[in-house]
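Asker: Right, I'll just put the structure down here and ask away after.
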Amino acid sequence: MKRLQRIKTILTLGLPIVGGMLSQSVLNLVDAAMVGRLGETALAGIGVGGYINFLAVSLILGLSSGVQALVARRRGQSLDAETATPLGWGIIVAFAIALPLTLLFLINAEWLITLLSDDIQVEEIAANYFSYRVLALLAVGLNLSFRGYWNGTNRPVVYLRILLMVQFLNVLISYTLIFGYFGLPAMGAAGAGLGTTISLYLGAVLLALVTLPTAINKGMLNLQRSNLNQLKSLLRLAVPHSIQQFLFAASMLVLFWIIGLLGTTEQAIGHVLINLALLLILPGVGLGVACTTLVSHALGQNDPNMASRWGWDVILTAILIMLLLSLPMWLYPDSLLGLFLATAEAINKAHTPLMLTGLAICLDAAAIVLTQALLGAGANRVVMLISSLGQWFFYLPLAWLIGPCLGYGLTGIWLLQTFHRAGSSLIFIYIWKRRNWVHIRI
C-alpha cells in the first residue's frame with residue numbers, strides 16, 4: 001500500500017475519532033466559557049472539581065483501548081464470532097469498577113478538594129460541581145466500552161454521530177441549569193456538572209440501543225468460562241493503561257495545586273490553558289487511537305512491517321493537523337483568551353503560556369501517537385513507565401521549583417512543559433524504531 005493510500009486510510013478511520021474527541025474537549029471549553037461569565041472564582045471551582053473527576057475517570061479509561069485492541073486483533077485473525085466478546089467483558093468490568101469508585105470518591109471528595117484550594121468559595125463550588133460529575137462514572141465506563149468496540153471494527157462514525165447528538169443536548173441542558181431557564185432554579189457552576197452527567201447517561205442508552213443488536217450476533221454474550229482468557233487479556237491491557245492514566249490525572253492534580261500556590265487567578269488561567277491544550281492534543285490522540293486499530297490489525301495479520309509503517313505515517317499526519325490547529329494560539333492569543341477570561345490582567349498573564357502551549361503540543365505529536373500505537377501492540381507497561389516517570393520525576397518537581405519557588409510563574413512552568421514534551425517524543429520514537437513491541441502476544 002502506497003503512502004498516500006495509507007494516509008487516506010488513516011484520515012478515513014481517524015477523523016471520525018478526532019471529531020468525537022474534539023467534541024468532548026469543545027464541550028469542556030463551552031462549560032468553561034459559560035461558567036467563566038460567573039467570574040474567576042467559579043472558573044477555578046469547576047477546575048478543581050473537574051480535575052478530581054478526571055482522577056476518578058482515569059481508573060476506567062483503559063477499558064476503551066483494551067476493548068479496541070482486542071476487537072481489532074480478532075478482526076485481523078478473522079475470528080468474526082468473537083469480535084464483540086471483548087465488549088461484553090468490558091461492560092461487566094465497567095459495572096464492577098465504576099460503582100465502588102463512585103462511592104469511594106464521594107466519601108473522600110472533601111479532603112481532595114481542600115488539597116487543591118484554600119479558598120472557601122472555590123471549595124464550595126468545586127464540591128457541588130464534583131458531586132454531580134462523579135455520578136456519571138458508570139455511564140463513562142459503558143461509553144468507553146462502546147467506543148472501543150466501534151473503533152476496533154473500523155466504524156468510529158457510529159460512535160461519533162451519537163456523541164455529537166449527546167453533546168448538543170449537554171450544552172442545552174447545562175446552559176439551562178447554570179442560568180435557570182424554563183422555570184428551573186439557577187444552579188450556577190453545579191448546573192454544568194449535572195447537565196454533563198445527564199447527557200452521559202443519555203449517550204450510554206443510545207449507544208446500547210445502536211450497538212447491542214449487532215454485537216449480540218458477534219459473540220458479545222459468549223462470556224462462558226472458556227472465554228475467560230479474553231477477560232484476562234482485557235484486564236492485562238486495560239489495567240496498565242488505567243494506571244498510567246491515573247498517574248497522569250494525579251499529576252494534573254499536583255500541577256493544578258502548584259499553580260494554585262501562585263493564586264486563584266492563576267488557577268483559573270491554568271484551567272483554561274489546560275483545556276485549550278486538550279483541544280489541541282485530542283486530534284493527535286484521536287489519530288493515535290486510529291493507529292491502535294491499524295497496528296493491532298496488522299499484527300493480527302502477522303505483518304509487523306506494515307504495523308511499523310502505520311506508526312510513522314500517523315505521526316506525519318498528526319503533526320500537520322496539530323500545526324494547523326495551533327495557529328490561532330500564536331496569531332490571536334489575546335482574542336482566544338478573551339472568550340474565557342474576564343479581566344485584562346488575567347489575559348496578560350496567560351498570553352505567553354498560551355503561545356508556549358501551541359509549541360509544546362506540536363513537539364509532543366510523536367509521543368501522543370506512539371503512546372496509542374504501542375497500546376495497540378500490547379506494550380502497555382512500557383507506555384505506563386515512560387509516561388509516569390517523566391511526569392513525576394522530571395516535570396512536576398521542576399515545575400514546583402521554577403514556578404512558585406523561583407518566581408517564574410506560569411510562563412516558567414509552561415516553558416518547562418515544552419522541553420518535557422519534546423523529550424517524551426524522542427524517547428517514544430527510539431522505542432518505536434527498536435521494534436521490540438512486534439513480539440508481544442495478546
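Ordering of the C-alpha cells sets the chain letters (A, B, ...); residue numbers start at 1 within each chain; ligands are numbered from 1 in the order shown.
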If we count only C-alpha atoms, what is near Ile274 in chain A at a cut-off of 9 Å, once residues fewer than 5 positions away on the same chain are taken out, given as a ChimeraX atom specification?
Answerer: /A:269,279,357
Asker: Neighbouring residues of Ile113 in chain A were defined as those with any atom within 12 Å, considering only C-alpha atoms; residues of the same chain fewer than 5 positions away were excluded. Please report them as a PyMOL selection string.
Answerer: chain A and resi 44-53+105-108+118-131+253-254+256-257
Asker: To one decimal place in Å, what is the distance between CA of Arg74 in chain A and CA of Arg434 in chain A?
Answerer: 25.6 Å
Asker: Tell me which protein, DNA and RNA residues are within 9 Å of Ala365 in chain A, counting only C-alpha atoms, leaving out same-chain ones fewer than 5 positions away, and put them as a short mmCIF file (atom, residue, chain, number, x, y, z; two decimals) with C-alpha atoms, in the first residue's frame.
Answerer:
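out.cif, written as the output of this step:
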```cif
data_model
loop_
_atom_site.label_atom_id
_atom_site.label_comp_id
_atom_site.auth_asym_id
_atom_site.auth_seq_id
_atom_site.Cartn_x
_atom_site.Cartn_y
_atom_site.Cartn_z
CA ILE A 281 -3.89 17.31 21.92
CA GLY A 284 -3.31 13.67 17.89
CA VAL A 285 -4.82 11.27 20.41
CA ILE A 315 2.86 10.78 13.22
CA LEU A 316 3.27 12.74 9.98
CA ALA A 318 -0.84 14.30 13.29
CA ILE A 319 1.96 16.87 13.10
CA MET A 322 -1.77 19.94 15.05
CA ALA A 360 4.64 22.20 23.20
CA LEU A 370 3.13 6.34 19.56
CA ARG A 421 7.02 17.11 25.77
CA ALA A 422 9.85 17.31 23.23
CA SER A 425 8.64 12.35 21.77
#
```
Asker: Using only C-alpha atoms, pick whichever of A:Met34, A:Leu261, A:Ile10, A:Met329 has the shortest atom-to-atom distance to Cys291 in chain A.
Answerer: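 Once distances to Cys291 in chain A are computed over only C-alpha atoms, the minimum belongs to A:Ile10.
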Asker: Distance CA of Met355 in chain A-CA of Gly423 in chain A, one decimal place?
Answerer: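 That distance, rounded to one decimal, is 18.9 Å.
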Asker: Return the single residue from A:Asn170, A:Thr83, A:Gln5, A:Gln267 that is closest to Glu40 in chain A, with distances computed using only C-alpha atoms.
Answerer: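 For Glu40 in chain A, the nearest of the given residues is A:Gln267.
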Asker: Pick out the residues sitting within 10 Å of Leu337 in chain A, and hand them over as a list in words; count only C-alpha atoms, and ignore anything fewer than 6 positions along from it in its own chain.
Answerer: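 The residues that qualify are Ile269, Val272, Leu273, Leu276, Met329, Thr343, Ala344, Ala346, Ile347, Asn348, Ala350, His351 and Leu354 of chain A.
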Asker: Please produce a file of those selected residues containing C-alpha atoms, as a compact mmCIF listing (two decimals), in the first residue's frame.
Answerer:
```txt
# COMPACT_ATOMS: atom_id res chain seq x y z
CA ILE A 269 -5.95 30.67 33.98
CA VAL A 272 -8.35 27.45 30.69
CA LEU A 273 -4.84 26.72 29.38
CA LEU A 276 -7.13 24.58 25.38
CA MET A 329 -2.76 30.30 19.69
CA THR A 343 -10.06 40.70 33.03
CA ALA A 344 -7.15 42.25 31.11
CA ALA A 346 -5.65 37.54 33.56
CA ILE A 347 -5.35 37.69 29.76
CA ASN A 348 -1.93 39.32 30.03
CA ALA A 350 -1.94 33.88 30.10
CA HIS A 351 -0.57 35.37 26.84
CA LEU A 354 -0.81 30.02 25.66
```
Asker: List the spatial neighbours of His439 in chain A as a compact mmCIF listing (two decimals) with C-alpha atoms, in the first residue's frame - criterion: any atom at most 10 Å away, only C-alpha atoms, same-chain residues fewer than 2 positions off excluded.
Answerer:
```
# COMPACT_ATOMS: atom_id res chain seq x y z
CA LEU A 299 -0.07 -7.59 13.87
CA PRO A 304 4.96 -6.17 11.62
CA ALA A 377 0.77 -3.62 20.07
CA GLY A 378 0.18 -4.56 23.71
CA ALA A 379 3.15 -2.61 25.15
CA ARG A 435 10.53 -2.68 17.26
CA ASN A 436 10.68 -4.94 20.31
CA TRP A 437 6.89 -4.46 20.53
CA ARG A 441 1.18 -11.51 22.13
CA ILE A 442 -2.28 -10.52 23.33
```
Asker: Here is a test: counting only C-alpha atoms, which residue of A:Val67, A:Ile162, A:Leu207, A:Leu375 is nearest to Lys232 in chain A?
Answerer: A:Val67
Asker: Find the spatial neighbours of Leu255 in chain A, counting only C-alpha atoms, within a cut-off of 9 Å - ignore same-chain residues fewer than 6 positions away - and output them as a list in words.
Answerer: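 Contacts, in chain order: Leu396, Ala399 and Trp400 of chain A.
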Asker: Hey, can you check how far CA of Phe246 in chain A sits from CA of Ile198 in chain A?
Answerer: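 Calculated distance between CA of Phe246 in chain A and CA of Ile198 in chain A is 24.2 Å.
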